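Student: So I've got this file, run.txt, and it contains compact mmCIF, C-alpha atoms:
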```
# COMPACT_ATOMS: atom_id res chain seq x y z
CA MET A 525 57.23 19.01 18.78
CA ALA A 526 59.99 19.40 16.16
CA TRP A 527 63.33 17.76 16.93
CA HIS A 528 65.09 21.02 17.75
CA GLY A 529 62.74 21.64 20.67
CA GLU A 530 63.48 18.24 22.21
CA GLU A 531 66.61 17.09 24.03
CA LEU A 532 69.85 17.38 22.05
CA VAL A 533 73.40 16.49 23.01
CA GLY A 534 76.35 18.57 21.83
CA PHE A 535 79.71 16.85 21.32
CA ASP A 536 83.13 18.33 20.65
CA LEU A 537 86.77 17.26 20.78
CA GLU A 538 89.92 19.35 20.99
CA THR A 539 92.86 17.38 19.67
CA THR A 540 96.53 17.17 18.79
CA GLY A 541 96.00 17.86 15.10
CA THR A 542 93.71 18.16 12.10
CA GLU A 543 93.96 14.68 10.58
CA PRO A 544 91.27 12.57 12.27
CA LEU A 545 92.89 9.21 11.55
CA GLU A 546 96.13 10.31 13.22
CA ALA A 547 95.31 13.01 15.80
CA ARG A 548 94.59 12.18 19.45
CA ILE A 549 92.03 13.43 21.95
CA VAL A 550 93.13 16.18 24.36
CA THR A 551 89.81 17.48 25.69
CA ALA A 552 86.19 16.53 25.13
CA SER A 553 82.77 17.68 26.18
CA ILE A 554 79.26 16.29 25.92
CA VAL A 555 76.56 18.83 26.76
CA GLY A 556 72.89 17.97 27.15
CA VAL A 557 70.55 20.76 26.03
CA HIS A 558 66.76 21.02 26.23
CA GLY A 559 65.01 24.07 24.85
CA GLY A 560 68.33 25.84 24.48
CA ARG A 561 69.17 25.37 28.18
CA VAL A 562 72.04 23.22 29.45
CA VAL A 563 70.66 20.38 31.56
CA ARG A 564 73.80 18.26 31.95
CA GLN A 565 77.45 18.35 31.00
CA ARG A 566 80.44 16.05 31.13
CA ASP A 567 84.02 17.09 30.35
CA TRP A 568 87.27 15.20 29.91
CA LEU A 569 90.98 16.07 29.86
CA ALA A 570 93.18 13.34 28.40
CA ASP A 571 96.86 12.60 28.34
CA PRO A 572 96.99 11.81 24.61
CA GLY A 573 100.11 9.67 24.85
CA ILE A 574 102.00 11.79 22.32
CA ARG A 575 103.31 15.35 22.41
CA ILE A 576 100.79 18.05 21.68
CA PRO A 577 102.17 20.25 18.87
CA ALA A 578 102.66 23.89 19.78
CA GLN A 579 100.17 24.93 17.08
CA ALA A 580 97.46 22.79 18.68
CA SER A 581 98.23 24.03 22.21
CA ALA A 582 97.97 27.60 20.94
CA ILE A 583 94.45 26.89 19.73
CA HIS A 584 92.92 25.02 22.68
CA GLY A 585 95.27 26.14 25.46
CA ILE A 586 96.28 22.70 26.78
CA SER A 587 100.03 22.24 27.23
CA ASN A 588 101.92 18.95 27.31
CA GLU A 589 102.70 19.57 30.96
CA ARG A 590 99.07 20.06 31.93
CA ALA A 591 97.88 17.06 29.91
CA ALA A 592 100.51 14.84 31.57
CA ALA A 593 99.82 16.16 35.09
CA GLU A 594 96.03 16.42 35.01
CA GLY A 595 94.86 14.30 32.09
CA ARG A 596 93.59 10.76 32.36
CA PRO A 597 94.85 8.00 30.03
CA VAL A 598 93.33 8.57 26.61
CA ARG A 599 92.17 4.95 26.44
CA GLU A 600 89.89 5.50 29.44
CA VAL A 601 88.68 8.82 28.11
CA ALA A 602 87.83 7.45 24.65
CA ASP A 603 85.97 4.52 26.20
CA GLU A 604 83.88 6.81 28.44
CA ILE A 605 83.07 9.21 25.60
CA ALA A 606 81.94 6.31 23.41
CA GLU A 607 79.78 4.85 26.18
CA THR A 608 78.19 8.23 26.86
CA LEU A 609 77.39 8.92 23.20
CA THR A 610 75.99 5.47 22.51
CA GLY A 611 73.93 5.72 25.68
CA TYR A 612 72.19 8.76 24.23
CA TRP A 613 71.69 7.06 20.86
CA ARG A 614 70.08 4.09 22.59
CA GLN A 615 67.55 6.55 24.00
CA GLY A 616 66.99 8.09 20.56
CA VAL A 617 68.61 11.41 21.52
CA PRO A 618 70.37 13.12 18.57
CA VAL A 619 74.06 13.96 18.97
CA VAL A 620 74.99 17.36 17.52
CA ALA A 621 78.58 17.81 16.34
CA TYR A 622 79.92 20.59 14.13
CA ASN A 623 81.81 18.85 11.31
CA ALA A 624 80.78 15.51 12.78
CA ALA A 625 82.88 13.52 10.33
CA PHE A 626 86.01 14.86 12.03
CA ASP A 627 85.08 14.27 15.67
CA LEU A 628 83.38 10.91 15.21
CA THR A 629 86.10 9.57 12.91
CA LEU A 630 88.81 10.67 15.34
CA LEU A 631 86.98 9.03 18.26
CA SER A 632 86.52 5.86 16.22
CA ALA A 633 90.21 5.81 15.34
CA GLU A 634 91.11 6.15 19.03
CA LEU A 635 88.80 3.25 19.92
CA ARG A 636 90.46 1.05 17.33
CA ARG A 637 93.95 2.21 18.34
CA HIS A 638 93.33 1.07 21.91
CA GLY A 639 91.51 -2.14 21.12
CA LEU A 640 88.15 -0.89 22.37
CA PRO A 641 84.68 -1.73 20.99
CA SER A 642 83.59 0.52 18.13
CA LEU A 643 80.58 2.79 18.33
CA SER A 644 78.63 0.36 16.17
CA ASP A 645 79.67 -2.61 18.33
CA ARG A 646 78.32 -0.81 21.39
CA LEU A 647 74.99 -0.44 19.57
CA GLY A 648 74.75 -4.15 18.79
CA GLY A 649 76.10 -3.73 15.27
CA ALA A 650 73.62 -1.03 14.29
CA GLY A 651 74.63 2.14 12.53
CA ILE A 652 75.35 5.15 14.68
CA GLY A 653 72.97 8.05 14.97
CA PRO A 654 70.98 10.12 14.73
CA VAL A 655 73.69 12.73 14.21
CA VAL A 656 72.98 16.41 13.52
CA ASP A 657 75.84 18.29 11.87
CA PRO A 658 75.16 22.03 11.49
CA TYR A 659 78.19 22.34 9.21
CA THR A 660 76.72 19.92 6.69
CA ILE A 661 73.17 21.22 7.01
CA ASP A 662 74.15 24.88 6.62
CA ARG A 663 76.12 24.17 3.45
CA ALA A 664 73.10 22.38 1.99
CA VAL A 665 70.37 24.87 2.87
CA ASP A 666 72.38 28.04 2.17
CA ARG A 667 74.74 26.78 -0.47
CA TYR A 668 75.64 30.05 -2.14
CA ARG A 669 76.25 32.21 0.92
CA ARG A 670 79.68 33.80 0.75
CA GLY A 671 82.20 33.69 3.56
CA LYS A 672 83.71 31.16 5.90
CA ARG A 673 81.83 28.17 7.27
CA ASN A 674 83.79 27.56 10.46
CA LEU A 675 81.87 27.47 13.75
CA GLU A 676 82.69 31.07 14.66
CA ALA A 677 81.49 32.40 11.31
CA VAL A 678 78.32 30.33 11.30
CA CYS A 679 77.53 31.39 14.87
CA GLY A 680 77.71 34.96 13.62
CA GLU A 681 75.39 34.17 10.72
CA TYR A 682 72.74 32.67 13.01
CA GLY A 683 73.14 35.04 15.95
CA VAL A 684 74.58 32.45 18.33
CA VAL A 685 76.98 33.62 21.03
CA LEU A 686 80.22 31.60 21.13
CA ASP A 687 81.88 32.52 24.41
CA THR A 688 85.25 30.81 24.01
CA ALA A 689 86.04 29.23 20.65
CA HIS A 690 88.07 26.01 20.74
CA GLN A 691 86.99 25.16 24.26
CA ALA A 692 85.19 21.84 23.92
CA ALA A 693 82.20 22.69 26.13
CA ALA A 694 81.63 26.08 24.49
CA ASP A 695 81.91 24.62 20.99
CA ALA A 696 79.56 21.72 21.83
CA LEU A 697 76.92 24.09 23.18
CA ALA A 698 77.31 26.49 20.26
CA ALA A 699 76.85 23.61 17.81
CA VAL A 700 73.52 22.74 19.40
CA ARG A 701 72.34 26.33 19.36
CA VAL A 702 73.36 26.73 15.70
CA ALA A 703 71.45 23.53 14.82
CA MET A 704 68.38 24.95 16.56
CA ALA A 705 68.75 28.29 14.77
CA ILE A 706 69.05 26.60 11.38
CA ALA A 707 65.85 24.66 12.07
CA GLU A 708 64.08 27.88 13.07
CA ARG A 709 65.18 29.61 9.87
CA HIS A 710 64.51 26.66 7.57
CA PRO A 711 61.15 24.97 8.27
CA SER A 712 62.00 22.18 5.80
CA VAL A 713 64.81 21.12 8.16
CA ALA A 714 62.64 21.42 11.26
CA ALA A 715 59.94 19.26 9.65
CA LEU A 716 62.22 16.22 9.32
CA THR A 717 62.52 13.58 12.00
CA PRO A 718 66.03 13.08 13.41
CA ALA A 719 66.33 9.83 11.44
CA GLN A 720 65.23 11.54 8.22
CA LEU A 721 67.63 14.41 8.82
CA HIS A 722 70.47 11.95 9.41
CA GLU A 723 69.79 10.30 6.05
CA ARG A 724 69.54 13.64 4.25
CA GLN A 725 72.92 14.69 5.63
CA ILE A 726 74.55 11.55 4.19
CA GLY A 727 73.42 12.67 0.74
CA TRP A 728 74.19 16.35 1.30
CA TYR A 729 77.72 15.57 2.47
CA ARG A 730 78.36 13.24 -0.46
CA ALA A 731 77.16 15.86 -2.95
CA TRP A 732 79.41 18.51 -1.38
CA ALA A 733 82.43 16.16 -1.36
CA GLU A 734 81.97 15.24 -5.01
CA ASP A 735 81.60 18.89 -6.03
CA PHE A 736 84.64 19.94 -4.01
CA GLN A 737 86.73 17.09 -5.41
CA ASP A 738 85.79 18.13 -8.96
CA PHE A 739 86.73 21.73 -8.13
CA LEU A 740 90.16 20.71 -6.81
CA ARG A 741 90.86 18.59 -9.87
CA ARG A 742 89.89 21.41 -12.22
CA LYS A 743 92.17 23.79 -10.30
CA GLY A 744 95.32 21.75 -10.80
CA SER A 745 95.16 18.82 -8.36
CA PRO A 746 94.16 15.96 -10.68
CA ASP A 747 94.65 13.32 -7.98
CA ALA A 748 92.66 15.12 -5.28
CA VAL A 749 90.30 12.86 -3.32
CA VAL A 750 87.64 14.14 -0.93
CA ASP A 751 86.15 11.39 1.23
CA PRO A 752 82.35 11.49 0.76
CA SER A 753 81.58 9.42 3.88
CA TRP A 754 79.45 10.91 6.67
CA PRO A 755 79.23 10.84 9.67
CA LEU A 756 82.23 8.49 9.77
CA ARG A 757 85.16 8.26 7.41
CA GLU A 758 86.37 4.77 6.63
CA LEU A 759 89.11 3.63 8.98
CA ALA A 760 92.24 1.99 7.61
CA PRO A 761 92.16 -1.83 7.70
CA VAL A 762 93.70 -3.37 10.78
CA ALA A 763 97.18 -4.70 10.01
CA SER A 764 97.35 -8.49 10.17
```
What would the structure in this file look like if it were written as structure tokens?

Tutor:
Amino acid sequence: MAWHGEELVGFDLETTGTEPLEARIVTASIVGVHGGRVVRQRDWLADPGIRIPAQASAIHGISNERAAAEGRPVREVADEIAETLTGYWRQGVPVVAYNAAFDLTLLSAELRRHGLPSLSDRLGGAGIGPVVDPYTIDRAVDRYRRGKRNLEAVCGEYGVVLDTAHQAAADALAAVRVAMAIAERHPSVAALTPAQLHERQIGWYRAWAEDFQDFLRRKGSPDAVVDPSWPLRELAPVAS
């Protein structure tokens, strides 16, 4: 059976901001899906340890007061998320994340910030994965389609219902269903193994980043840099 008919795990974070090396976890969800049906789910609410900007609260609906009163310490939350994800990878189950480079980089930055083992450390030094990123795949297989590429827009393109955007569980489930829909529409994607698809996405993301960087430089930002790394951006060196 093709990978999209087997077990998949959706992953999503809602955070304090849009810069993954600086933002903190507010909510998270990991949703196990088999054949399009939810078979397990785990959710987290964290106290991020910093104030949640009003713009971020307006998006995901979590106030500073609620995070402080109901959230668990972000160190504990990050550790549990990392253990859960790596547990699935040890079993060979693909983790689906829309714009994976954001969520996985942010999680990795939190692990380092709190002195916790990295994702790779938890896998015995091996690389993470397989990761399935519908954002990266969709841009590669339908490169010239006009319009936005955010999760809501891509759900519309593939006929996936997104009940409540920017709720971690809803976004995680929608990401899985979009990945499945892409595989149904594009047999060349469905035919790959999860490991092969992971490797293809590394190249697809790099090609997109290089093209986008060239575009920005031609349009008047000569020093623009677009990180080509996927599914993890490089973390800043630890200060000595």

Student: Using all atoms listed in the file, which protein or nucleic acid residues come within 9 Å of A:Ile605? Drop anything in the same chain fewer than 2 positions from it, and give the result as a list in words.

Tutor: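 Within the cut-off, the hits are Ala552, Ser553, Ile554, Trp568, Glu600, Val601, Ala602, Asp603, Glu607, Thr608, Leu609, Thr610 and Leu631 of chain A.
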
Student: Please provide the set of residues having any atom within 9 Å of A:Arg646, restricted to only C-alpha atoms, with same-chain residues fewer than 2 positions apart removed, written as a list in words.

Tutor: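 Near neighbours after the sequence-gap exclusion: Ala606, Glu607, Thr610, Gly611, Pro641, Ser642, Leu643, Ser644, Gly648, Gly649 and Ala650 of chain A.
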
Student: Within 10 Å of A:Glu543, counting only C-alpha atoms, which residues show up once you throw out same-chain ones fewer than 3 positions away? Write them as a PDB file with C-alpha atoms, keeping the file's coordinate frame, please.

Tutor:
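around06.pdb was written with the following content:
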```pdb
ATOM      1  CA  THR A 539      92.860  17.380  19.670  1.00  0.00           C
ATOM      2  CA  THR A 540      96.530  17.170  18.790  1.00  0.00           C
ATOM      3  CA  GLU A 546      96.130  10.310  13.220  1.00  0.00           C
ATOM      4  CA  ALA A 547      95.310  13.010  15.800  1.00  0.00           C
ATOM      5  CA  ARG A 548      94.590  12.180  19.450  1.00  0.00           C
ATOM      6  CA  PHE A 626      86.010  14.860  12.030  1.00  0.00           C
ATOM      7  CA  THR A 629      86.100   9.570  12.910  1.00  0.00           C
ATOM      8  CA  LEU A 630      88.810  10.670  15.340  1.00  0.00           C
TER       9      LEU A 630
END
```

Student: What is the atom CA of A:Val563-atom CA of A:Val550 distance in Å, reported with one decimal?

Tutor: 24.0 Å

Student: What separation in Å, quoted to one decimal, exists between atom CA of A:Ser581 and atom CA of A:Val620?

Tutor: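 Separation of atom CA of A:Ser581 and atom CA of A:Val620: 24.6 Å.
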
Student: Could you pull stretch 592-620 of chain A out of the structure I just pasted and write it to a file containing N, CA, C and O atoms, as a PDB file, in the first residue's frame?

Tutor:
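Result saved to result.pdb:
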```
ATOM      1  N   ALA A 592      -0.718  31.184  31.569  1.00  0.00           N
ATOM      2  CA  ALA A 592      -0.123  31.152  32.907  1.00  0.00           C
ATOM      3  C   ALA A 592      -0.936  30.277  33.858  1.00  0.00           C
ATOM      4  O   ALA A 592      -0.372  29.557  34.693  1.00  0.00           O
ATOM      5  N   ALA A 593      -2.264  30.317  33.737  1.00  0.00           N
ATOM      6  CA  ALA A 593      -3.125  29.593  34.677  1.00  0.00           C
ATOM      7  C   ALA A 593      -3.243  28.114  34.338  1.00  0.00           C
ATOM      8  O   ALA A 593      -3.294  27.266  35.243  1.00  0.00           O
ATOM      9  N   GLU A 594      -3.284  27.796  33.035  1.00  0.00           N
ATOM     10  CA  GLU A 594      -3.572  26.425  32.629  1.00  0.00           C
ATOM     11  C   GLU A 594      -2.400  25.718  31.959  1.00  0.00           C
ATOM     12  O   GLU A 594      -2.395  24.486  31.857  1.00  0.00           O
ATOM     13  N   GLY A 595      -1.427  26.489  31.484  1.00  0.00           N
ATOM     14  CA  GLY A 595      -0.328  25.893  30.736  1.00  0.00           C
ATOM     15  C   GLY A 595       0.718  25.248  31.635  1.00  0.00           C
ATOM     16  O   GLY A 595       0.944  25.687  32.757  1.00  0.00           O
ATOM     17  N   ARG A 596       1.349  24.224  31.109  1.00  0.00           N
ATOM     18  CA  ARG A 596       2.450  23.588  31.813  1.00  0.00           C
ATOM     19  C   ARG A 596       3.764  24.249  31.408  1.00  0.00           C
ATOM     20  O   ARG A 596       3.849  24.883  30.354  1.00  0.00           O
ATOM     21  N   PRO A 597       4.817  24.113  32.211  1.00  0.00           N
ATOM     22  CA  PRO A 597       6.106  24.721  31.845  1.00  0.00           C
ATOM     23  C   PRO A 597       6.540  24.284  30.447  1.00  0.00           C
ATOM     24  O   PRO A 597       6.468  23.096  30.106  1.00  0.00           O
ATOM     25  N   VAL A 598       6.992  25.227  29.655  1.00  0.00           N
ATOM     26  CA  VAL A 598       7.302  24.927  28.261  1.00  0.00           C
ATOM     27  C   VAL A 598       8.434  23.911  28.158  1.00  0.00           C
ATOM     28  O   VAL A 598       8.488  23.134  27.188  1.00  0.00           O
ATOM     29  N   ARG A 599       9.309  23.862  29.125  1.00  0.00           N
ATOM     30  CA  ARG A 599      10.385  22.862  29.095  1.00  0.00           C
ATOM     31  C   ARG A 599       9.800  21.449  29.098  1.00  0.00           C
ATOM     32  O   ARG A 599      10.244  20.596  28.322  1.00  0.00           O
ATOM     33  N   GLU A 600       8.823  21.204  29.950  1.00  0.00           N
ATOM     34  CA  GLU A 600       8.190  19.886  30.006  1.00  0.00           C
ATOM     35  C   GLU A 600       7.447  19.584  28.715  1.00  0.00           C
ATOM     36  O   GLU A 600       7.487  18.455  28.194  1.00  0.00           O
ATOM     37  N   VAL A 601       6.757  20.580  28.202  1.00  0.00           N
ATOM     38  CA  VAL A 601       5.978  20.396  26.980  1.00  0.00           C
ATOM     39  C   VAL A 601       6.897  20.063  25.805  1.00  0.00           C
ATOM     40  O   VAL A 601       6.644  19.114  25.046  1.00  0.00           O
ATOM     41  N   ALA A 602       7.967  20.828  25.629  1.00  0.00           N
ATOM     42  CA  ALA A 602       8.895  20.588  24.523  1.00  0.00           C
ATOM     43  C   ALA A 602       9.504  19.191  24.614  1.00  0.00           C
ATOM     44  O   ALA A 602       9.645  18.491  23.599  1.00  0.00           O
ATOM     45  N   ASP A 603       9.847  18.773  25.826  1.00  0.00           N
ATOM     46  CA  ASP A 603      10.438  17.452  26.020  1.00  0.00           C
ATOM     47  C   ASP A 603       9.446  16.353  25.625  1.00  0.00           C
ATOM     48  O   ASP A 603       9.803  15.386  24.933  1.00  0.00           O
ATOM     49  N   GLU A 604       8.198  16.502  26.027  1.00  0.00           N
ATOM     50  CA  GLU A 604       7.185  15.484  25.709  1.00  0.00           C
ATOM     51  C   GLU A 604       6.878  15.444  24.218  1.00  0.00           C
ATOM     52  O   GLU A 604       6.690  14.358  23.639  1.00  0.00           O
ATOM     53  N   ILE A 605       6.799  16.604  23.581  1.00  0.00           N
ATOM     54  CA  ILE A 605       6.569  16.640  22.132  1.00  0.00           C
ATOM     55  C   ILE A 605       7.702  15.917  21.412  1.00  0.00           C
ATOM     56  O   ILE A 605       7.473  15.086  20.526  1.00  0.00           O
ATOM     57  N   ALA A 606       8.930  16.235  21.794  1.00  0.00           N
ATOM     58  CA  ALA A 606      10.095  15.619  21.147  1.00  0.00           C
ATOM     59  C   ALA A 606      10.102  14.107  21.342  1.00  0.00           C
ATOM     60  O   ALA A 606      10.385  13.345  20.405  1.00  0.00           O
ATOM     61  N   GLU A 607       9.784  13.648  22.541  1.00  0.00           N
ATOM     62  CA  GLU A 607       9.736  12.205  22.794  1.00  0.00           C
ATOM     63  C   GLU A 607       8.642  11.535  21.976  1.00  0.00           C
ATOM     64  O   GLU A 607       8.818  10.426  21.468  1.00  0.00           O
ATOM     65  N   THR A 608       7.515  12.197  21.855  1.00  0.00           N
ATOM     66  CA  THR A 608       6.402  11.614  21.090  1.00  0.00           C
ATOM     67  C   THR A 608       6.759  11.521  19.613  1.00  0.00           C
ATOM     68  O   THR A 608       6.554  10.476  18.976  1.00  0.00           O
ATOM     69  N   LEU A 609       7.302  12.593  19.037  1.00  0.00           N
ATOM     70  CA  LEU A 609       7.667  12.574  17.622  1.00  0.00           C
ATOM     71  C   LEU A 609       8.739  11.535  17.342  1.00  0.00           C
ATOM     72  O   LEU A 609       8.623  10.749  16.380  1.00  0.00           O
ATOM     73  N   THR A 610       9.786  11.508  18.143  1.00  0.00           N
ATOM     74  CA  THR A 610      10.867  10.552  17.877  1.00  0.00           C
ATOM     75  C   THR A 610      10.398   9.120  18.100  1.00  0.00           C
ATOM     76  O   THR A 610      10.898   8.193  17.450  1.00  0.00           O
ATOM     77  N   GLY A 611       9.424   8.933  18.985  1.00  0.00           N
ATOM     78  CA  GLY A 611       8.847   7.604  19.148  1.00  0.00           C
ATOM     79  C   GLY A 611       8.208   7.115  17.862  1.00  0.00           C
ATOM     80  O   GLY A 611       8.353   5.939  17.480  1.00  0.00           O
ATOM     81  N   TYR A 612       7.502   8.000  17.181  1.00  0.00           N
ATOM     82  CA  TYR A 612       6.906   7.618  15.900  1.00  0.00           C
ATOM     83  C   TYR A 612       7.980   7.355  14.854  1.00  0.00           C
ATOM     84  O   TYR A 612       7.890   6.398  14.076  1.00  0.00           O
ATOM     85  N   TRP A 613       9.002   8.198  14.796  1.00  0.00           N
ATOM     86  CA  TRP A 613      10.071   7.974  13.819  1.00  0.00           C
ATOM     87  C   TRP A 613      10.781   6.650  14.051  1.00  0.00           C
ATOM     88  O   TRP A 613      11.154   5.977  13.098  1.00  0.00           O
ATOM     89  N   ARG A 614      10.964   6.275  15.317  1.00  0.00           N
ATOM     90  CA  ARG A 614      11.589   4.977  15.592  1.00  0.00           C
ATOM     91  C   ARG A 614      10.762   3.832  15.018  1.00  0.00           C
ATOM     92  O   ARG A 614      11.305   2.783  14.664  1.00  0.00           O
ATOM     93  N   GLN A 615       9.469   4.021  14.937  1.00  0.00           N
ATOM     94  CA  GLN A 615       8.576   3.005  14.365  1.00  0.00           C
ATOM     95  C   GLN A 615       8.463   3.121  12.844  1.00  0.00           C
ATOM     96  O   GLN A 615       7.781   2.313  12.204  1.00  0.00           O
ATOM     97  N   GLY A 616       9.105   4.143  12.270  1.00  0.00           N
ATOM     98  CA  GLY A 616       9.027   4.347  10.827  1.00  0.00           C
ATOM     99  C   GLY A 616       7.790   5.082  10.370  1.00  0.00           C
ATOM    100  O   GLY A 616       7.492   5.103   9.166  1.00  0.00           O
ATOM    101  N   VAL A 617       7.050   5.695  11.299  1.00  0.00           N
ATOM    102  CA  VAL A 617       5.821   6.405  10.939  1.00  0.00           C
ATOM    103  C   VAL A 617       6.170   7.827  10.492  1.00  0.00           C
ATOM    104  O   VAL A 617       6.833   8.559  11.232  1.00  0.00           O
ATOM    105  N   PRO A 618       5.742   8.262   9.308  1.00  0.00           N
ATOM    106  CA  PRO A 618       6.028   9.619   8.860  1.00  0.00           C
ATOM    107  C   PRO A 618       5.283  10.664   9.696  1.00  0.00           C
ATOM    108  O   PRO A 618       4.128  10.467  10.087  1.00  0.00           O
ATOM    109  N   VAL A 619       5.956  11.769   9.960  1.00  0.00           N
ATOM    110  CA  VAL A 619       5.360  12.919  10.632  1.00  0.00           C
ATOM    111  C   VAL A 619       5.030  13.962   9.573  1.00  0.00           C
ATOM    112  O   VAL A 619       5.901  14.371   8.800  1.00  0.00           O
ATOM    113  N   VAL A 620       3.772  14.369   9.534  1.00  0.00           N
ATOM    114  CA  VAL A 620       3.300  15.350   8.550  1.00  0.00           C
ATOM    115  C   VAL A 620       3.185  16.705   9.231  1.00  0.00           C
ATOM    116  O   VAL A 620       2.492  16.840  10.249  1.00  0.00           O
TER     117      VAL A 620
END
```
